[in-house]
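In what follows, a single structure is set out as structure tokens and then discussed.
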Amino acid sequence: MGSSSTTSASKPFPPGVHVPSLTWFRNDKTQEIDWDVQTKHLEFLVSSGLHGIVLAGTNGEAVTLTSDEKSKLVSTTREVATRLGRPELPITMGCGGGCTRDVVGETVLAHQAGADFALVLVPSYFHFAMDAEAIAAFFEELADASPVPVVIYNFPGVAAGLDVNSELLSRLGKHANIVGVKLTCGGIAKVARVAAEFAPERFAALAGQSDWLVPALAVGGVGTITGVANLYPRACLEIFDLHRAGKAKEAAAAQLELAKMEWGFGKGGINGTKWVVAKLLGYPVEGCHCRRPYPVFGDAKKQAWIMETVQPLQETEVRLSKSGSQ
């Protein structure tokens, strides 16, 4: 197993700004996916010029979705991308489960549905038994079996504190079918250590939030997977493009403006994020709720706070949208 895997060399994870798409549900007892709103949101994301879309991630409420729903999210996204002239848009599907067998099955599902990559958390129900060797063995066995390249999703906050540390990344990055890591741990030093050891086309490091995109890029990161792009995709893209063009001061200034509002998403949570996205993009607010038991974002003071925090960047997004359409 591991780096000796017979798996053929994988395609690299594309640099840039990728969005973990929100999943939209009907406001009724069954809370089925509202495919009309979902399609409208995917059209918004695809047409914005983002470098890729992640489905069934944390922002997409992965743990609430069935296999059939995940599959349809992928196929619907591919249909939208093709219709809008971007048939090759990179699509990543969140793949998870309580055991290795189930996660392997999810990667097979991702491949069959047409996804390009799998984003994978450490299984954490038995976190007390998941030492470094167990974590490494999980990812190596998964990568040996997965028909799509694997991106490690390091998010201790939702994985019972389990952390894929730099030593593990050094080991796992050598596997031919493990192509990157999303660092929602905020580990800027990990980005630097990954970049020091691996070429980005072999094993890439991505910021898990866009409020430290510039620092990540500065030490060799390739981009970000950010929930903020559900609302302000072009503002995120501007930071990436400015930095890539060597305009460090402009990129830093844009980064600071984005960081002010990203706290709204961080503190507001997924339900707050969905509420403010629905309000500002004109989606039905009654359909912005997360699948239960995630609580409704109904507190008027919290709603006023998140709107005040997030709205200032809207003018920038509108400006970028107009300039991009000319």
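Letters A, B, ... mark the chains of the structure tokens in the order given; residue numbers begin at 1 per chain; ligand numbers begin at 1, in order shown.
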Proximity check range 201-247 of chain A to range 131-153 of chain A, 12 Å, nearest pairs one decimal Å, only C-alpha atoms, as CSV:
```
residue,atom,partner,partner_atom,distance
A:Arg202,CA,A:Pro149,CA,11.2
A:Phe203,CA,A:Val151,CA,9.0
A:Ala204,CA,A:Val151,CA,8.8
A:Ala205,CA,A:Val151,CA,9.4
A:Leu206,CA,A:Tyr153,CA,9.8
A:Ala207,CA,A:Tyr153,CA,10.6
A:Gly208,CA,A:Tyr153,CA,8.8
A:Ile225,CA,A:Tyr153,CA,10.4
```
As a VMD selection string, which residues of range 103-318 of chain A does DSSP assign to strand (DSSP E)? chain A and resid 117 to 120 150 to 154 178 to 183 204 to 207 223 to 225
Contacts of range 284-291 of chain A within 6 Å, only C-alpha atoms, excl. fewer than 3 positions in-chain, as a short mmCIF file (atom, residue, chain, number, x, y, z; two decimals) with N, CA, C and O atoms, in the first residue's frame:
```
data_model
loop_
_atom_site.label_atom_id
_atom_site.label_comp_id
_atom_site.auth_asym_id
_atom_site.auth_seq_id
_atom_site.Cartn_x
_atom_site.Cartn_y
_atom_site.Cartn_z
N PHE A 25 -32.85 23.13 0.74
CA PHE A 25 -33.93 22.19 1.05
C PHE A 25 -35.28 22.90 1.09
O PHE A 25 -35.37 24.10 1.34
N ARG A 26 -36.31 22.12 0.86
CA ARG A 26 -37.68 22.66 1.00
C ARG A 26 -38.02 22.84 2.47
O ARG A 26 -37.53 22.10 3.32
N ASN A 27 -38.88 23.80 2.73
CA ASN A 27 -39.27 24.09 4.11
C ASN A 27 -40.55 23.32 4.45
O ASN A 27 -41.64 23.87 4.57
N ASN A 271 -26.18 27.74 9.16
CA ASN A 271 -27.54 28.27 9.06
C ASN A 271 -27.53 29.78 8.85
O ASN A 271 -28.33 30.32 8.08
N LYS A 274 -26.47 30.40 5.19
CA LYS A 274 -27.56 30.16 4.24
C LYS A 274 -28.59 31.29 4.30
O LYS A 274 -29.12 31.71 3.26
N TRP A 275 -28.84 31.80 5.50
CA TRP A 275 -29.82 32.87 5.63
C TRP A 275 -29.37 34.12 4.89
O TRP A 275 -30.13 34.70 4.10
N ALA A 278 -29.30 33.63 1.08
CA ALA A 278 -30.65 33.68 0.52
C ALA A 278 -31.16 35.12 0.45
O ALA A 278 -31.75 35.53 -0.57
N TYR A 294 -30.15 20.75 12.92
CA TYR A 294 -29.45 22.03 12.93
C TYR A 294 -30.50 23.13 13.13
O TYR A 294 -31.47 23.20 12.39
N VAL A 296 -32.80 26.56 13.35
CA VAL A 296 -33.14 27.66 12.45
C VAL A 296 -32.40 28.93 12.88
O VAL A 296 -32.25 29.20 14.07
#
```
Which parts of range 139-305 of chain A does DSSP call helix (DSSP H, G or I) when run on the backbone here, written out as a ChimeraX atom specification? /A:139-145,156-158,166-172,188-197,210-218,227-230,233-244,248-281,285-287,300-305
Please tabulate, as a Markdown table, the residues of range 65-116 of chain A that come within 10 Å of range 8-20 of chain A, each with its closest pair of atoms and the distance in Å to one decimal, counting only C-alpha atoms and ordering rows by chain, then residue number upward.
```
| residue | atom | partner | partner_atom | distance |
| --- | --- | --- | --- | --- |
| A:Leu89 | CA | A:Pro14 | CA | 9.9 |
| A:Pro90 | CA | A:Pro14 | CA | 7.6 |
| A:Ile91 | CA | A:His18 | CA | 9.1 |
| A:Thr92 | CA | A:Pro20 | CA | 8.9 |
| A:Met93 | CA | A:Pro20 | CA | 9.3 |
| A:Gly94 | CA | A:Pro20 | CA | 9.3 |
| A:Asp116 | CA | A:Lys11 | CA | 9.1 |
```
Mind dumping the selected residues with all heavy atoms as a JSON list (two decimals), in the first residue's frame?
```
[["chain", "number", "residue", "atom", "x", "y", "z"],
["A", 89, "LEU", "N", -15.51, 21.77, -16.00],
["A", 89, "LEU", "CA", -15.36, 22.37, -14.67],
["A", 89, "LEU", "C", -15.04, 21.30, -13.63],
["A", 89, "LEU", "O", -15.77, 20.31, -13.50],
["A", 89, "LEU", "CB", -16.66, 23.08, -14.28],
["A", 89, "LEU", "CG", -16.68, 23.75, -12.90],
["A", 89, "LEU", "CD1", -15.79, 24.99, -12.90],
["A", 89, "LEU", "CD2", -18.10, 24.11, -12.50],
["A", 90, "PRO", "N", -13.97, 21.46, -12.87],
["A", 90, "PRO", "CA", -13.63, 20.46, -11.85],
["A", 90, "PRO", "C", -14.69, 20.37, -10.76],
["A", 90, "PRO", "O", -15.08, 21.37, -10.17],
["A", 90, "PRO", "CB", -12.31, 20.98, -11.29],
["A", 90, "PRO", "CG", -11.73, 21.84, -12.38],
["A", 90, "PRO", "CD", -12.92, 22.49, -13.01],
["A", 91, "ILE", "N", -15.16, 19.16, -10.51],
["A", 91, "ILE", "CA", -16.15, 18.90, -9.48],
["A", 91, "ILE", "C", -15.56, 17.94, -8.45],
["A", 91, "ILE", "O", -15.05, 16.87, -8.81],
["A", 91, "ILE", "CB", -17.44, 18.31, -10.07],
["A", 91, "ILE", "CG1", -18.11, 19.31, -11.02],
["A", 91, "ILE", "CG2", -18.41, 17.90, -8.96],
["A", 91, "ILE", "CD1", -19.33, 18.74, -11.75],
["A", 92, "THR", "N", -15.64, 18.33, -7.20],
["A", 92, "THR", "CA", -15.16, 17.50, -6.09],
["A", 92, "THR", "C", -16.36, 17.10, -5.24],
["A", 92, "THR", "O", -17.22, 17.94, -4.96],
["A", 92, "THR", "CB", -14.15, 18.28, -5.23],
["A", 92, "THR", "OG1", -13.06, 18.70, -6.05],
["A", 92, "THR", "CG2", -13.62, 17.42, -4.09],
["A", 93, "MET", "N", -16.41, 15.84, -4.83],
["A", 93, "MET", "CA", -17.50, 15.40, -3.96],
["A", 93, "MET", "C", -16.96, 15.00, -2.60],
["A", 93, "MET", "O", -15.96, 14.29, -2.51],
["A", 93, "MET", "CB", -18.23, 14.20, -4.59],
["A", 93, "MET", "CG", -19.53, 13.85, -3.86],
["A", 93, "MET", "SD", -20.39, 12.43, -4.57],
["A", 93, "MET", "CE", -19.90, 11.14, -3.43],
["A", 94, "GLY", "N", -17.63, 15.48, -1.55],
["A", 94, "GLY", "CA", -17.27, 15.06, -0.21],
["A", 94, "GLY", "C", -17.61, 13.59, -0.01],
["A", 94, "GLY", "O", -18.74, 13.17, -0.29],
["A", 116, "ASP", "N", -14.66, 14.63, -10.24],
["A", 116, "ASP", "CA", -13.25, 14.51, -10.59],
["A", 116, "ASP", "C", -12.37, 14.17, -9.40],
["A", 116, "ASP", "O", -11.30, 13.57, -9.57],
["A", 116, "ASP", "CB", -12.76, 15.84, -11.20],
["A", 116, "ASP", "CG", -13.54, 16.22, -12.43],
["A", 116, "ASP", "OD1", -13.39, 15.55, -13.46],
["A", 116, "ASP", "OD2", -14.33, 17.19, -12.37]]
```
Using only C-alpha atoms, find the one residue out of A:Glu257, A:Glu43, A:Glu250, A:Glu61 that sits nearest to Arg83 in chain A.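 Among the listed residues, the smallest separation from Arg83 in chain A belongs to A:Glu43.
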Excluding Val74 in chain A and any residue of its chain fewer than 3 positions from it, enumerate the residues within 9 Å of it, using only C-alpha atoms, and give them as a ChimeraX atom specification. /A:55,69-71,77-79,91-93,110,113-115
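From CA of Arg244 in chain A back to CA of Leu22 in chain A, the distance works out to 27.4 Å.
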Just the residues within 9 Å of range 237-243 of chain A, please, counting only C-alpha atoms, with nothing from its chain fewer than 5 positions along; format it as JSON, numbers by chain. {"A": [16, 17, 49, 50, 51, 213, 214, 217, 218, 223, 229, 232, 248, 249, 250, 251, 252, 253, 254, 255, 320]}
Expected file contents, prior selection, N, CA, C and O atoms, as a short mmCIF file (atom, residue, chain, number, x, y, z; two decimals), in the first residue's frame:
```cif
data_model
loop_
_atom_site.label_atom_id
_atom_site.label_comp_id
_atom_site.auth_asym_id
_atom_site.auth_seq_id
_atom_site.Cartn_x
_atom_site.Cartn_y
_atom_site.Cartn_z
N GLY A 16 -6.58 27.57 -7.55
CA GLY A 16 -7.61 28.59 -7.64
C GLY A 16 -8.59 28.59 -6.50
O GLY A 16 -8.31 28.10 -5.41
N VAL A 17 -9.77 29.14 -6.78
CA VAL A 17 -10.82 29.30 -5.78
C VAL A 17 -11.94 28.30 -6.07
O VAL A 17 -12.56 28.34 -7.14
N GLY A 49 -17.24 32.17 -12.66
CA GLY A 49 -15.85 31.93 -13.06
C GLY A 49 -15.01 31.19 -12.05
O GLY A 49 -13.80 31.07 -12.21
N LEU A 50 -15.62 30.68 -10.99
CA LEU A 50 -14.87 29.90 -10.00
C LEU A 50 -14.14 28.74 -10.64
O LEU A 50 -14.58 28.19 -11.66
N HIS A 51 -13.03 28.35 -10.02
CA HIS A 51 -12.17 27.31 -10.62
C HIS A 51 -12.69 25.90 -10.38
O HIS A 51 -12.19 24.95 -11.00
N LEU A 213 -6.16 33.47 2.43
CA LEU A 213 -5.75 33.05 1.09
C LEU A 213 -4.40 33.63 0.70
O LEU A 213 -3.52 32.91 0.22
N VAL A 214 -4.22 34.94 0.91
CA VAL A 214 -2.94 35.56 0.54
C VAL A 214 -1.76 34.96 1.31
O VAL A 214 -0.75 34.61 0.72
N LEU A 217 -1.07 31.56 -0.24
CA LEU A 217 -0.43 31.67 -1.55
C LEU A 217 1.03 32.10 -1.41
O LEU A 217 1.89 31.65 -2.16
N ALA A 218 1.29 32.95 -0.42
CA ALA A 218 2.64 33.48 -0.24
C ALA A 218 3.66 32.41 0.13
O ALA A 218 4.85 32.57 -0.12
N GLY A 223 -4.43 27.74 -3.51
CA GLY A 223 -5.74 28.37 -3.55
C GLY A 223 -6.53 28.11 -2.30
O GLY A 223 -5.96 27.92 -1.22
N ALA A 229 -17.37 32.01 -1.09
CA ALA A 229 -17.63 32.07 -2.53
C ALA A 229 -19.06 31.71 -2.89
O ALA A 229 -19.48 31.89 -4.04
N TYR A 232 -19.84 35.70 -2.49
CA TYR A 232 -18.92 36.65 -3.12
C TYR A 232 -17.82 35.93 -3.90
O TYR A 232 -16.63 36.06 -3.59
N ALA A 248 1.02 42.37 -5.03
CA ALA A 248 0.93 41.94 -3.63
C ALA A 248 0.17 42.93 -2.76
O ALA A 248 -0.65 42.52 -1.92
N LYS A 249 0.42 44.22 -2.92
CA LYS A 249 -0.25 45.22 -2.09
C LYS A 249 -1.75 45.24 -2.35
O LYS A 249 -2.56 45.30 -1.41
N GLU A 250 -2.12 45.17 -3.62
CA GLU A 250 -3.54 45.17 -3.96
C GLU A 250 -4.23 43.90 -3.45
O GLU A 250 -5.35 43.94 -2.94
N ALA A 251 -3.53 42.77 -3.57
CA ALA A 251 -4.08 41.50 -3.08
C ALA A 251 -4.27 41.55 -1.57
O ALA A 251 -5.30 41.11 -1.04
N ALA A 252 -3.28 42.13 -0.87
CA ALA A 252 -3.37 42.22 0.59
C ALA A 252 -4.51 43.13 1.02
O ALA A 252 -5.24 42.84 1.98
N ALA A 253 -4.69 44.24 0.31
CA ALA A 253 -5.77 45.17 0.64
C ALA A 253 -7.14 44.51 0.44
O ALA A 253 -8.04 44.63 1.29
N ALA A 254 -7.28 43.78 -0.66
CA ALA A 254 -8.54 43.07 -0.93
C ALA A 254 -8.76 41.96 0.10
O ALA A 254 -9.88 41.70 0.53
N GLN A 255 -7.66 41.33 0.52
CA GLN A 255 -7.74 40.27 1.53
C GLN A 255 -8.28 40.81 2.85
O GLN A 255 -9.13 40.18 3.50
N LEU A 320 -17.31 43.94 -9.65
CA LEU A 320 -16.53 42.91 -10.35
C LEU A 320 -17.41 42.16 -11.34
O LEU A 320 -16.95 41.77 -12.42
#
```
Could you check which of A:Ser47, A:Ser166, A:Thr100, A:Thr64 is closest to Ser124 in chain A, using only C-alpha atoms?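 Nearest to Ser124 in chain A: A:Thr100.
Residue nearest Thr23 in chain A, chosen from A:Ile306, A:Val63, A:Ala235, A:Ala176 and counting only C-alpha atoms: A:Val63.
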